[in-house]
$ cat model-v9.txt   # compact mmCIF, C-alpha atoms and all ligand atoms
# COMPACT_ATOMS: atom_id res chain seq x y z
CA MET A 7 40.73 60.61 148.99
CA THR A 8 42.85 58.96 146.36
CA THR A 9 45.70 56.69 147.37
CA LYS A 10 47.38 56.76 143.95
CA THR A 11 50.97 57.95 144.20
CA PRO A 12 51.21 61.36 142.52
CA ALA A 13 53.80 61.96 139.80
CA VAL A 14 54.84 65.20 141.52
CA SER A 15 54.24 66.40 145.04
CA PHE A 16 55.40 69.51 146.84
CA THR A 17 54.46 69.68 150.52
CA GLY A 18 55.13 73.02 152.19
CA ALA A 19 58.34 73.42 150.18
CA VAL A 20 60.48 76.47 150.94
CA LYS A 21 63.67 77.59 149.19
CA THR A 22 65.35 80.83 150.16
CA PHE A 23 68.27 82.71 148.63
CA GLY A 24 69.44 85.24 151.22
CA ASP A 25 66.40 87.43 151.88
CA VAL A 26 64.45 86.09 148.92
CA ARG A 27 61.92 83.33 149.54
CA ALA A 28 61.99 82.06 145.96
CA VAL A 29 59.64 79.17 146.84
CA ASP A 30 57.55 79.98 149.88
CA GLY A 31 55.51 77.12 151.32
CA LEU A 32 54.48 75.53 148.02
CA SER A 33 52.11 72.56 148.19
CA LEU A 34 51.12 71.01 144.90
CA ARG A 35 50.13 67.58 143.63
CA ILE A 36 50.25 66.46 140.01
CA ASP A 37 48.78 63.09 139.11
CA ALA A 38 50.22 60.77 136.50
CA GLY A 39 48.89 61.62 133.03
CA GLU A 40 48.17 65.29 133.71
CA THR A 41 49.56 68.14 131.61
CA VAL A 42 50.11 71.10 133.90
CA ALA A 43 51.30 74.63 133.12
CA LEU A 44 53.26 76.54 135.71
CA LEU A 45 52.54 80.20 135.16
CA GLY A 46 54.07 83.22 136.85
CA ARG A 47 55.74 86.48 136.03
CA ASN A 48 59.51 86.98 136.05
CA GLY A 49 61.01 85.98 139.37
CA ALA A 50 57.81 84.26 140.60
CA GLY A 51 59.78 81.13 141.51
CA LYS A 52 59.06 78.82 138.55
CA SER A 53 62.65 77.84 137.79
CA THR A 54 63.43 77.38 141.48
CA ALA A 55 60.41 75.09 141.88
CA ILE A 56 61.58 73.11 138.84
CA SER A 57 65.11 72.82 140.28
CA LEU A 58 63.62 71.41 143.48
CA LEU A 59 61.52 68.88 141.66
CA LEU A 60 64.45 67.69 139.57
CA GLY A 61 66.57 67.31 142.69
CA LEU A 62 69.06 69.94 141.44
CA ASP A 63 68.41 71.82 144.66
CA GLU A 64 67.13 70.79 148.10
CA PRO A 65 64.24 72.58 149.85
CA ASP A 66 65.14 74.36 153.09
CA GLU A 67 61.82 73.19 154.51
CA GLY A 68 59.08 70.84 153.41
CA ARG A 69 59.26 67.94 151.00
CA VAL A 70 59.39 67.41 147.25
CA GLU A 71 58.78 63.95 145.80
CA LEU A 72 58.51 62.38 142.36
CA PHE A 73 56.55 59.15 142.10
CA GLY A 74 56.72 58.83 145.87
CA THR A 75 60.53 58.88 146.00
CA ARG A 76 63.29 61.45 146.29
CA PRO A 77 63.66 63.42 143.04
CA GLN A 78 67.25 62.21 142.59
CA THR A 79 66.10 58.59 142.80
CA ALA A 80 63.38 59.13 140.19
CA VAL A 81 65.78 60.99 137.90
CA ARG A 82 68.44 58.28 138.21
CA ALA A 83 65.85 55.62 137.41
CA GLY A 84 65.14 57.43 134.13
CA ARG A 85 61.57 58.35 135.05
CA VAL A 86 62.08 62.05 134.37
CA GLY A 87 63.16 63.99 131.28
CA ALA A 88 63.86 67.70 131.42
CA MET A 89 64.35 70.58 129.05
CA LEU A 90 65.80 73.49 130.98
CA GLN A 91 66.64 77.05 130.03
CA GLU A 92 70.43 76.72 129.93
CA GLY A 93 72.36 77.67 126.82
CA ARG A 94 74.87 74.86 126.81
CA ALA A 95 77.49 74.73 124.04
CA VAL A 96 76.26 72.46 121.28
CA PRO A 97 78.51 69.52 120.40
CA ARG A 98 79.71 68.80 116.84
CA VAL A 99 77.84 65.54 116.40
CA THR A 100 74.76 64.53 114.45
CA VAL A 101 71.30 64.74 115.96
CA ALA A 102 70.96 60.92 116.06
CA GLU A 103 74.39 60.55 117.69
CA LEU A 104 73.53 63.06 120.40
CA VAL A 105 70.13 61.54 121.21
CA GLY A 106 71.64 58.02 121.10
CA PHE A 107 74.43 59.08 123.47
CA VAL A 108 71.91 60.38 126.00
CA ALA A 109 69.59 57.37 125.54
CA ARG A 110 72.37 54.92 126.41
CA ARG A 111 72.67 56.51 129.84
CA TYR A 112 69.18 55.31 130.79
CA PRO A 113 68.04 51.85 131.89
CA GLU A 114 65.09 51.61 129.49
CA PRO A 115 65.61 54.24 126.81
CA MET A 116 63.35 55.14 123.95
CA ASP A 117 64.41 53.97 120.50
CA VAL A 118 66.37 56.87 118.96
CA ALA A 119 64.31 56.95 115.76
CA GLU A 120 61.17 57.00 117.88
CA ALA A 121 62.44 59.94 120.00
CA LEU A 122 63.29 61.89 116.84
CA ARG A 123 59.93 61.08 115.28
CA LEU A 124 58.07 62.14 118.43
CA ALA A 125 60.01 65.39 118.54
CA GLY A 126 59.15 65.90 114.86
CA ILE A 127 62.78 65.88 113.68
CA GLY A 128 63.09 62.49 112.01
CA GLU A 129 64.43 64.18 108.89
CA LEU A 130 67.20 65.89 110.86
CA ALA A 131 68.78 62.62 112.15
CA ASP A 132 72.01 62.99 110.17
CA ARG A 133 72.34 66.77 110.44
CA ARG A 134 75.03 68.28 112.66
CA VAL A 135 73.61 69.66 115.90
CA ASP A 136 75.70 72.84 115.69
CA LYS A 137 74.29 73.70 112.25
CA LEU A 138 70.61 73.88 113.13
CA SER A 139 68.22 76.80 113.47
CA GLY A 140 67.01 77.93 116.91
CA GLY A 141 63.66 76.17 116.47
CA GLN A 142 65.29 72.95 115.29
CA THR A 143 67.75 73.06 118.21
CA GLN A 144 64.89 73.42 120.65
CA ARG A 145 63.24 70.31 119.22
CA VAL A 146 66.52 68.41 119.44
CA ARG A 147 66.56 69.36 123.10
CA PHE A 148 63.05 67.98 123.36
CA ALA A 149 64.23 64.70 121.75
CA VAL A 150 67.10 64.60 124.28
CA ALA A 151 64.57 64.99 127.11
CA LEU A 152 62.53 62.10 125.62
CA ALA A 153 65.55 59.84 125.09
CA GLY A 154 65.30 58.09 128.47
CA ASN A 155 61.63 57.23 127.81
CA PRO A 156 60.52 59.14 130.90
CA ALA A 157 57.08 58.97 132.55
CA LEU A 158 57.34 62.67 133.44
CA ILE A 159 58.74 65.46 131.33
CA VAL A 160 59.56 68.88 132.73
CA LEU A 161 59.92 71.80 130.34
CA ASP A 162 61.11 75.19 131.55
CA GLU A 163 59.81 77.81 129.12
CA PRO A 164 60.11 75.44 126.16
CA THR A 165 58.91 77.87 123.50
CA ALA A 166 60.81 80.98 124.57
CA ALA A 167 62.35 82.51 121.45
CA LEU A 168 60.52 80.23 119.01
CA ASP A 169 58.60 81.68 116.08
CA VAL A 170 54.90 80.93 115.63
CA GLU A 171 55.39 77.98 113.30
CA ALA A 172 58.07 76.36 115.48
CA ARG A 173 55.82 76.88 118.47
CA HIS A 174 52.91 75.06 116.84
CA ALA A 175 55.18 72.21 115.82
CA PHE A 176 56.60 71.99 119.32
CA TRP A 177 53.18 71.79 121.01
CA ALA A 178 52.00 69.17 118.54
CA SER A 179 54.98 67.00 119.57
CA MET A 180 54.33 67.60 123.25
CA ARG A 181 50.68 66.62 122.93
CA THR A 182 51.56 63.40 121.12
CA TYR A 183 53.79 62.50 124.03
CA ALA A 184 51.13 63.47 126.61
CA ARG A 185 48.45 61.43 124.82
CA ARG A 186 50.48 58.31 125.58
CA GLY A 187 49.49 58.78 129.22
CA HIS A 188 52.67 60.57 130.27
CA THR A 189 52.85 63.49 132.68
CA VAL A 190 53.97 66.93 131.49
CA LEU A 191 54.84 69.99 133.54
CA PHE A 192 55.84 73.10 131.63
CA SER A 193 56.50 76.65 132.72
CA THR A 194 55.57 79.56 130.53
CA HIS A 195 54.93 83.30 130.42
CA TYR A 196 52.38 82.81 127.65
CA LEU A 197 48.87 82.61 129.03
CA GLU A 198 47.40 81.50 125.76
CA GLU A 199 49.84 78.56 125.61
CA ALA A 200 48.93 77.52 129.13
CA ASP A 201 45.24 77.75 128.25
CA ALA A 202 45.59 75.87 124.97
CA HIS A 203 47.95 73.08 125.99
CA ALA A 204 47.49 72.31 129.68
CA ASP A 205 44.70 70.44 131.48
CA ARG A 206 45.41 72.59 134.48
CA ILE A 207 47.13 75.90 135.15
CA VAL A 208 49.02 76.52 138.36
CA VAL A 209 49.79 80.19 138.98
CA ILE A 210 52.58 81.05 141.38
CA ASP A 211 53.58 84.46 142.66
CA HIS A 212 56.28 85.32 145.18
CA GLY A 213 56.93 81.57 145.47
CA ARG A 214 53.36 80.85 146.54
CA LEU A 215 50.48 79.14 144.80
CA VAL A 216 47.84 81.75 144.01
CA ALA A 217 45.55 79.79 141.68
CA ASP A 218 45.13 76.25 140.44
CA GLY A 219 42.51 75.20 137.89
CA SER A 220 41.46 75.19 134.24
CA GLY A 221 41.69 78.37 132.15
CA ASP A 222 37.94 78.94 132.64
CA GLU A 223 38.22 78.48 136.40
CA LEU A 224 41.05 80.99 136.50
CA ARG A 225 39.06 83.50 134.46
CA ARG A 226 36.23 83.19 136.94
CA ALA A 227 38.48 83.27 140.02
CA GLY A 228 40.62 86.20 139.00
CA GLY A 229 38.76 88.09 136.38
CA GLY A 230 35.02 88.14 136.76
CA SER A 231 33.70 90.48 134.06
CA LEU A 232 34.48 93.92 132.78
CA VAL A 233 31.81 96.60 132.45
CA ALA A 234 32.79 99.75 130.58
CA PHE A 235 30.80 102.91 129.82
CA ASP A 236 31.25 106.59 128.93
CA LEU A 237 31.22 108.90 131.93
CA ALA A 238 29.84 111.71 129.75
CA GLY A 239 31.04 114.25 132.24
CA ARG A 240 29.63 112.58 135.34
CA GLY A 241 31.84 112.09 138.43
CA THR A 242 33.52 108.83 139.36
CA GLU A 243 32.75 108.90 143.08
CA GLY A 244 30.82 105.91 144.40
CA LEU A 245 31.59 103.63 141.42
CA SER A 246 33.75 101.35 143.55
CA LEU A 247 30.81 100.89 145.93
CA LEU A 248 28.40 99.57 143.30
CA PRO A 249 27.35 95.94 143.75
CA GLY A 250 29.92 93.38 142.55
CA VAL A 251 32.59 95.95 141.68
CA VAL A 252 36.12 94.97 142.71
CA SER A 253 38.11 97.62 140.86
CA VAL A 254 37.62 100.84 138.92
CA GLU A 255 39.83 102.21 136.19
CA ILE A 256 39.27 105.55 134.48
CA ARG A 257 40.72 106.21 131.03
CA GLY A 258 39.82 109.65 129.79
CA ASP A 259 36.04 109.80 129.73
CA ARG A 260 35.58 106.04 129.96
CA ALA A 261 35.17 104.01 133.14
CA ARG A 262 36.14 100.34 133.27
CA LEU A 263 34.79 98.37 136.22
CA ARG A 264 35.92 94.86 137.09
CA THR A 265 32.97 93.11 138.69
CA GLU A 266 32.12 89.76 140.22
CA ASP A 267 28.41 90.30 139.47
CA PRO A 268 27.98 92.01 136.08
CA ASP A 269 24.16 91.81 136.20
CA ALA A 270 23.97 93.65 139.52
CA THR A 271 26.57 96.20 138.41
CA VAL A 272 24.72 96.96 135.17
CA MET A 273 21.36 97.29 136.98
CA ALA A 274 22.91 99.76 139.41
CA LEU A 275 24.47 101.75 136.56
CA ALA A 276 21.11 101.81 134.75
CA ALA A 277 19.47 103.18 137.89
CA LEU A 278 22.09 105.95 137.83
CA ASP A 279 21.39 106.52 134.13
CA ALA A 280 25.06 105.82 133.45
CA VAL A 281 24.90 103.32 130.59
CA ARG A 282 26.24 105.32 127.66
CA ASN A 283 28.15 103.05 125.23
CA LEU A 284 27.84 100.22 127.72
CA GLU A 285 30.04 97.21 127.12
CA VAL A 286 30.05 94.00 129.18
CA ALA A 287 32.66 91.32 128.53
CA PRO A 288 34.12 88.36 130.36
CA ALA A 289 37.58 89.12 131.67
CA SER A 290 40.39 87.70 129.56
CA LEU A 291 42.90 85.27 130.98
CA ASP A 292 45.35 88.18 130.96
CA ASP A 293 43.02 90.19 133.19
CA ALA A 294 42.60 87.20 135.50
CA PHE A 295 46.35 86.68 135.69
CA LEU A 296 46.99 90.33 136.51
CA ALA A 297 44.29 90.26 139.18
CA LEU A 298 45.59 87.02 140.69
CA THR A 299 49.19 88.16 140.82
CA GLY A 300 48.31 91.69 141.91
CA THR A 301 50.10 93.22 138.93
CA ASP A 302 47.28 95.57 138.11
CA ASP A 303 48.76 97.46 141.02
CA LEU A 304 50.51 100.51 139.53
CA ASP A 305 53.49 100.39 141.93
CA GLU A 306 54.22 96.84 140.90
CA GLN A 307 53.81 97.63 137.22
CA LEU A 308 56.32 100.44 137.57
CA GLU A 309 58.67 98.11 139.43
CA ARG A 310 58.62 95.80 136.43
CA VAL A 311 59.50 98.52 133.92
N1 LIG I 401 70.76 81.05 142.71
C1 LIG I 401 70.09 82.12 143.14
N2 LIG I 401 70.64 83.02 143.97
C2 LIG I 401 69.96 84.11 144.43
N3 LIG I 401 68.69 84.38 144.10
C3 LIG I 401 68.07 83.53 143.26
C4 LIG I 401 68.72 82.36 142.73
N4 LIG I 401 67.86 81.73 141.94
C5 LIG I 401 66.72 82.44 141.95
N5 LIG I 401 66.84 83.52 142.75
C6 LIG I 401 65.78 84.53 143.05
O1 LIG I 401 64.61 83.81 143.40
C7 LIG I 401 63.44 84.40 142.83
C8 LIG I 401 62.73 83.39 141.96
O2 LIG I 401 63.52 83.17 140.79
P1 LIG I 401 63.13 82.09 139.66
O3 LIG I 401 64.25 82.06 138.69
O4 LIG I 401 62.74 80.82 140.32
O5 LIG I 401 61.84 82.77 139.03
P2 LIG I 401 61.11 82.44 137.64
O6 LIG I 401 59.66 82.43 137.96
O7 LIG I 401 61.68 81.21 137.04
O8 LIG I 401 61.46 83.71 136.78
P3 LIG I 401 61.65 83.87 135.16
O9 LIG I 401 60.28 83.80 134.61
O10 LIG I 401 62.23 85.23 135.07
O11 LIG I 401 62.55 82.77 134.70
C9 LIG I 401 63.93 85.65 142.09
O12 LIG I 401 63.79 86.75 142.95
C10 LIG I 401 65.40 85.34 141.82
O13 LIG I 401 66.13 86.53 141.73
$ encode --input "model-v9.txt" --output "structure tokens"
Amino acid sequence: MTTKTPAVSFTGAVKTFGDVRAVDGLSLRIDAGETVALLGRNGAGKSTAISLLLGLDEPDEGRVELFGTRPQTAVRAGRVGAMLQEGRAVPRVTVAELVGFVARRYPEPMDVAEALRLAGIGELADRRVDKLSGGQTQRVRFAVALAGNPALIVLDEPTAALDVEARHAFWASMRTYARRGHTVLFSTHYLEEADAHADRIVVIDHGRLVADGSGDELRRAGGGSLVAFDLAGRGTEGLSLLPGVVSVEIRGDRARLRTEDPDATVMALAALDAVRNLEVAPASLDDAFLALTGTDDLDEQLERV
């Protein structure tokens, strides 16, 4: 057991809004220096969890701590920077003025030029904040989050609405910051971003933790493998009972089996002489995510439409 104080800890945290348990008994520990992605579909509870950890909201039950103290204390001490989803009106000042204004509110701020350089917007220092593109504005917001020289940075869907190039530039900045030994927690809907940029992916659903691990661990936990073949007129009964099979999907004349033991499934299919156009592939992270959050369930998919 490690005695190091975690950067972030949720212990049985609950937050309800009326009948909705937005965060429902969440326990989670993030150590200093980790980059963690918080993944979940719409309404899973990501923003609520982030509000709790920034001290913007109090849990109804359980405990949330940053660096072993109350979130408000850590935030006031300048140990946390955040980039949230709000669309606040942009002031008519230059980029350097804005970042400098924020920096001065912190006890040990980052040098303004350094914050701009880290956010990749050194050349925008003298540009007016209200005259920037969406991608540039997002990176100014990142510089604002860095201004206090925080040990932990929390980013709520930082790349929503960014084009591909702006996205790459953003992640390059984030990684530079993380490489300095800082802690990063970001929420996202993009599985490939979580896989590419986080050391660890935490999946939440209905306010609960449903998976926690690397992209590969998640693929194994939620996805297994996919075995597909042509039915060639044969019936589909009994397919779900084959060894390893956890789900069966029929599309036209093709069957798609999700299996935890592809070797055993394929052997059983061969014994049935049912291996026409056989295809075996590892499940994608998308498949794993859908399996983990139960959204391959048709009712739920319809609910989301
Ligand atoms: N202030 C609030 N009042 C009432 N219900 C709320 C409030 N904030 C969140 N909720 C509800 O709590 C649940 C979790 O919402 P939350 O915004 O945390 O999810 P999310 O994972 O961030 O979703 P998204 O990906 O869409 O941003 C949802 O059902 C939402 O409607």
$ closest_residue --input "model-v9.txt" --among "A:Ala80, A:Leu215, A:Ala227, A:Leu263" --to "ligand LIG 401 (chain I)" --atoms "only C-alpha atoms and all ligand atoms"
A:Leu215
$ residues_around --input "model-v9.txt" --residues "A:Gln91" --least-positions-apart "3" --cutoff "12 Å" --atoms "all atoms listed in the file" --output "list in words"
Lys52, Ser53, Thr54, Ile56, Ser57, Ala88, Arg94, Gln144, Arg147, Phe148, Val160, Leu161, Asp162, Glu163, Pro164, Thr165, Ala166, Ala167, Phe192, Ser193 and Thr194 of chain A
$ write_last_selection --input "model-v9.txt" --atoms "C-alpha atoms" --output "PDB file, in the frame of the given file"
ATOM      1  CA  LYS A  52      59.060  78.820 138.550  1.00  0.00           C
ATOM      2  CA  SER A  53      62.650  77.840 137.790  1.00  0.00           C
ATOM      3  CA  THR A  54      63.430  77.380 141.480  1.00  0.00           C
ATOM      4  CA  ILE A  56      61.580  73.110 138.840  1.00  0.00           C
ATOM      5  CA  SER A  57      65.110  72.820 140.280  1.00  0.00           C
ATOM      6  CA  ALA A  88      63.860  67.700 131.420  1.00  0.00           C
ATOM      7  CA  ARG A  94      74.870  74.860 126.810  1.00  0.00           C
ATOM      8  CA  GLN A 144      64.890  73.420 120.650  1.00  0.00           C
ATOM      9  CA  ARG A 147      66.560  69.360 123.100  1.00  0.00           C
ATOM     10  CA  PHE A 148      63.050  67.980 123.360  1.00  0.00           C
ATOM     11  CA  VAL A 160      59.560  68.880 132.730  1.00  0.00           C
ATOM     12  CA  LEU A 161      59.920  71.800 130.340  1.00  0.00           C
ATOM     13  CA  ASP A 162      61.110  75.190 131.550  1.00  0.00           C
ATOM     14  CA  GLU A 163      59.810  77.810 129.120  1.00  0.00           C
ATOM     15  CA  PRO A 164      60.110  75.440 126.160  1.00  0.00           C
ATOM     16  CA  THR A 165      58.910  77.870 123.500  1.00  0.00           C
ATOM     17  CA  ALA A 166      60.810  80.980 124.570  1.00  0.00           C
ATOM     18  CA  ALA A 167      62.350  82.510 121.450  1.00  0.00           C
ATOM     19  CA  PHE A 192      55.840  73.100 131.630  1.00  0.00           C
ATOM     20  CA  SER A 193      56.500  76.650 132.720  1.00  0.00           C
ATOM     21  CA  THR A 194      55.570  79.560 130.530  1.00  0.00           C
TER      22      THR A 194
END
$ closest_residue --input "model-v9.txt" --among "A:Gln142, A:Thr189, A:Gln78, A:Asn155" --to "A:Ala13" --atoms "only C-alpha atoms"
A:Thr189
$ closest_atom_pairs --input "model-v9.txt" --of "chain A" --to "ligand LIG 401 (chain I)" --cutoff "6 Å" --atoms "all atoms listed in the file" --output "tab-separated table"
residue	atom	partner	partner_atom	distance
A:Phe23	CA	I:LIG401	C2	4.7
A:Val26	CA	I:LIG401	O1	6.0
A:Ala28	CA	I:LIG401	O1	4.1
A:Gly46	CA	I:LIG401	O6	5.8
A:Arg47	CA	I:LIG401	O9	5.5
A:Asn48	CA	I:LIG401	O10	3.4
A:Gly49	CA	I:LIG401	O5	3.3
A:Ala50	CA	I:LIG401	O6	3.7
A:Gly51	CA	I:LIG401	O4	3.2
A:Lys52	CA	I:LIG401	O6	3.7
A:Ser53	CA	I:LIG401	O7	3.6
A:Thr54	CA	I:LIG401	O4	3.7
$ atom_distance --input "model-v9.txt" --atom1 "atom CA of A:Val81" --atom2 "atom CA of A:Phe107"
16.9 Å
$ residues_around --input "model-v9.txt" --residues "A:Asp117" --least-positions-apart "2" --cutoff "12 Å" --atoms "only C-alpha atoms" --output "PyMOL selection string"
chain A and resi 102+105-110+112+114-115+119-124+149-150+152-155
$ residues_around --input "model-v9.txt" --residues "A:Arg214" --least-positions-apart "3" --cutoff "8 Å" --atoms "all atoms listed in the file" --output "PyMOL selection string"
chain A and resi 29-32+210-211
$ closest_atom_pairs --input "model-v9.txt" --of "stretch 127-202 of chain A" --to "stretch 288-302 of chain A" --cutoff "12 Å" --atoms "all atoms listed in the file" --output "CSV"
residue,atom,partner,partner_atom,distance
A:His195,CA,A:Phe295,CA,10.6
A:Tyr196,CA,A:Asp292,CA,9.4
A:Leu197,CA,A:Leu291,CA,6.8
A:Glu198,CA,A:Leu291,CA,7.9
A:Glu199,CA,A:Leu291,CA,11.0
A:Ala200,CA,A:Leu291,CA,10.0
A:Asp201,CA,A:Leu291,CA,8.3
A:Ala202,CA,A:Leu291,CA,11.5
$ decode --input "model-v9.txt" --residues "stretch 85-113 of chain A" --atoms "N, CA and C atoms" --output "PDB file, in the first residue's frame"
ATOM      1  N   ARG A  85      -3.150  25.335  -6.606  1.00  0.00           N
ATOM      2  CA  ARG A  85      -2.602  24.038  -7.017  1.00  0.00           C
ATOM      3  C   ARG A  85      -3.393  23.409  -8.159  1.00  0.00           C
ATOM      4  N   VAL A  86      -4.494  24.071  -8.550  1.00  0.00           N
ATOM      5  CA  VAL A  86      -5.374  23.485  -9.559  1.00  0.00           C
ATOM      6  C   VAL A  86      -5.717  24.506 -10.645  1.00  0.00           C
ATOM      7  N   GLY A  87      -5.600  24.098 -11.898  1.00  0.00           N
ATOM      8  CA  GLY A  87      -6.058  24.943 -13.001  1.00  0.00           C
ATOM      9  C   GLY A  87      -7.171  24.205 -13.709  1.00  0.00           C
ATOM     10  N   ALA A  88      -8.153  24.931 -14.218  1.00  0.00           N
ATOM     11  CA  ALA A  88      -9.276  24.235 -14.849  1.00  0.00           C
ATOM     12  C   ALA A  88      -9.687  24.916 -16.142  1.00  0.00           C
ATOM     13  N   MET A  89     -10.137  24.092 -17.061  1.00  0.00           N
ATOM     14  CA  MET A  89     -10.695  24.596 -18.311  1.00  0.00           C
ATOM     15  C   MET A  89     -12.057  23.927 -18.429  1.00  0.00           C
ATOM     16  N   LEU A  90     -13.091  24.695 -18.177  1.00  0.00           N
ATOM     17  CA  LEU A  90     -14.434  24.109 -18.138  1.00  0.00           C
ATOM     18  C   LEU A  90     -15.163  24.380 -19.448  1.00  0.00           C
ATOM     19  N   GLN A  91     -16.417  23.915 -19.493  1.00  0.00           N
ATOM     20  CA  GLN A  91     -17.144  23.993 -20.771  1.00  0.00           C
ATOM     21  C   GLN A  91     -17.887  25.313 -20.990  1.00  0.00           C
ATOM     22  N   GLU A  92     -17.846  26.203 -20.004  1.00  0.00           N
ATOM     23  CA  GLU A  92     -18.722  27.381 -20.099  1.00  0.00           C
ATOM     24  C   GLU A  92     -18.342  28.294 -21.268  1.00  0.00           C
ATOM     25  N   GLY A  93     -19.332  28.996 -21.789  1.00  0.00           N
ATOM     26  CA  GLY A  93     -19.063  29.923 -22.884  1.00  0.00           C
ATOM     27  C   GLY A  93     -19.130  31.342 -22.361  1.00  0.00           C
ATOM     28  N   ARG A  94     -18.171  31.710 -21.558  1.00  0.00           N
ATOM     29  CA  ARG A  94     -18.169  33.036 -20.949  1.00  0.00           C
ATOM     30  C   ARG A  94     -17.877  34.108 -22.004  1.00  0.00           C
ATOM     31  N   ALA A  95     -18.454  35.315 -21.816  1.00  0.00           N
ATOM     32  CA  ALA A  95     -18.179  36.400 -22.751  1.00  0.00           C
ATOM     33  C   ALA A  95     -16.687  36.720 -22.700  1.00  0.00           C
ATOM     34  N   VAL A  96     -16.120  36.977 -23.879  1.00  0.00           N
ATOM     35  CA  VAL A  96     -14.673  37.182 -23.929  1.00  0.00           C
ATOM     36  C   VAL A  96     -14.374  38.668 -23.783  1.00  0.00           C
ATOM     37  N   PRO A  97     -13.467  39.030 -22.893  1.00  0.00           N
ATOM     38  CA  PRO A  97     -13.173  40.453 -22.673  1.00  0.00           C
ATOM     39  C   PRO A  97     -12.372  41.070 -23.822  1.00  0.00           C
ATOM     40  N   ARG A  98     -12.414  42.413 -23.920  1.00  0.00           N
ATOM     41  CA  ARG A  98     -11.702  43.096 -25.008  1.00  0.00           C
ATOM     42  C   ARG A  98     -10.313  43.511 -24.538  1.00  0.00           C
ATOM     43  N   VAL A  99      -9.497  42.522 -24.246  1.00  0.00           N
ATOM     44  CA  VAL A  99      -8.119  42.775 -23.829  1.00  0.00           C
ATOM     45  C   VAL A  99      -7.214  41.883 -24.672  1.00  0.00           C
ATOM     46  N   THR A 100      -5.905  42.108 -24.554  1.00  0.00           N
ATOM     47  CA  THR A 100      -5.006  41.229 -25.317  1.00  0.00           C
ATOM     48  C   THR A 100      -4.838  39.904 -24.560  1.00  0.00           C
ATOM     49  N   VAL A 101      -4.325  38.929 -25.297  1.00  0.00           N
ATOM     50  CA  VAL A 101      -4.102  37.603 -24.725  1.00  0.00           C
ATOM     51  C   VAL A 101      -3.159  37.705 -23.514  1.00  0.00           C
ATOM     52  N   ALA A 102      -2.054  38.455 -23.664  1.00  0.00           N
ATOM     53  CA  ALA A 102      -1.080  38.574 -22.563  1.00  0.00           C
ATOM     54  C   ALA A 102      -1.709  39.274 -21.369  1.00  0.00           C
ATOM     55  N   GLU A 103      -2.536  40.291 -21.631  1.00  0.00           N
ATOM     56  CA  GLU A 103      -3.190  41.006 -20.516  1.00  0.00           C
ATOM     57  C   GLU A 103      -4.109  40.067 -19.743  1.00  0.00           C
ATOM     58  N   LEU A 104      -4.879  39.277 -20.481  1.00  0.00           N
ATOM     59  CA  LEU A 104      -5.819  38.370 -19.823  1.00  0.00           C
ATOM     60  C   LEU A 104      -5.072  37.333 -18.966  1.00  0.00           C
ATOM     61  N   VAL A 105      -4.070  36.701 -19.562  1.00  0.00           N
ATOM     62  CA  VAL A 105      -3.345  35.653 -18.824  1.00  0.00           C
ATOM     63  C   VAL A 105      -2.609  36.277 -17.628  1.00  0.00           C
ATOM     64  N   GLY A 106      -2.053  37.488 -17.825  1.00  0.00           N
ATOM     65  CA  GLY A 106      -1.364  38.187 -16.732  1.00  0.00           C
ATOM     66  C   GLY A 106      -2.331  38.525 -15.604  1.00  0.00           C
ATOM     67  N   PHE A 107      -3.528  38.953 -15.961  1.00  0.00           N
ATOM     68  CA  PHE A 107      -4.557  39.300 -14.968  1.00  0.00           C
ATOM     69  C   PHE A 107      -4.876  38.082 -14.105  1.00  0.00           C
ATOM     70  N   VAL A 108      -5.058  36.949 -14.749  1.00  0.00           N
ATOM     71  CA  VAL A 108      -5.377  35.723 -14.001  1.00  0.00           C
ATOM     72  C   VAL A 108      -4.167  35.308 -13.154  1.00  0.00           C
ATOM     73  N   ALA A 109      -2.968  35.371 -13.743  1.00  0.00           N
ATOM     74  CA  ALA A 109      -1.755  34.926 -13.045  1.00  0.00           C
ATOM     75  C   ALA A 109      -1.563  35.691 -11.732  1.00  0.00           C
ATOM     76  N   ARG A 110      -1.864  36.982 -11.750  1.00  0.00           N
ATOM     77  CA  ARG A 110      -1.640  37.800 -10.559  1.00  0.00           C
ATOM     78  C   ARG A 110      -2.533  37.419  -9.388  1.00  0.00           C
ATOM     79  N   ARG A 111      -3.568  36.630  -9.669  1.00  0.00           N
ATOM     80  CA  ARG A 111      -4.455  36.196  -8.595  1.00  0.00           C
ATOM     81  C   ARG A 111      -3.885  34.989  -7.816  1.00  0.00           C
ATOM     82  N   TYR A 112      -2.784  34.450  -8.300  1.00  0.00           N
ATOM     83  CA  TYR A 112      -2.231  33.243  -7.674  1.00  0.00           C
ATOM     84  C   TYR A 112      -0.965  33.551  -6.900  1.00  0.00           C
ATOM     85  N   PRO A 113      -0.711  32.751  -5.850  1.00  0.00           N
ATOM     86  CA  PRO A 113       0.483  33.005  -5.017  1.00  0.00           C
ATOM     87  C   PRO A 113       1.804  32.784  -5.757  1.00  0.00           C
TER      88      PRO A 113
END
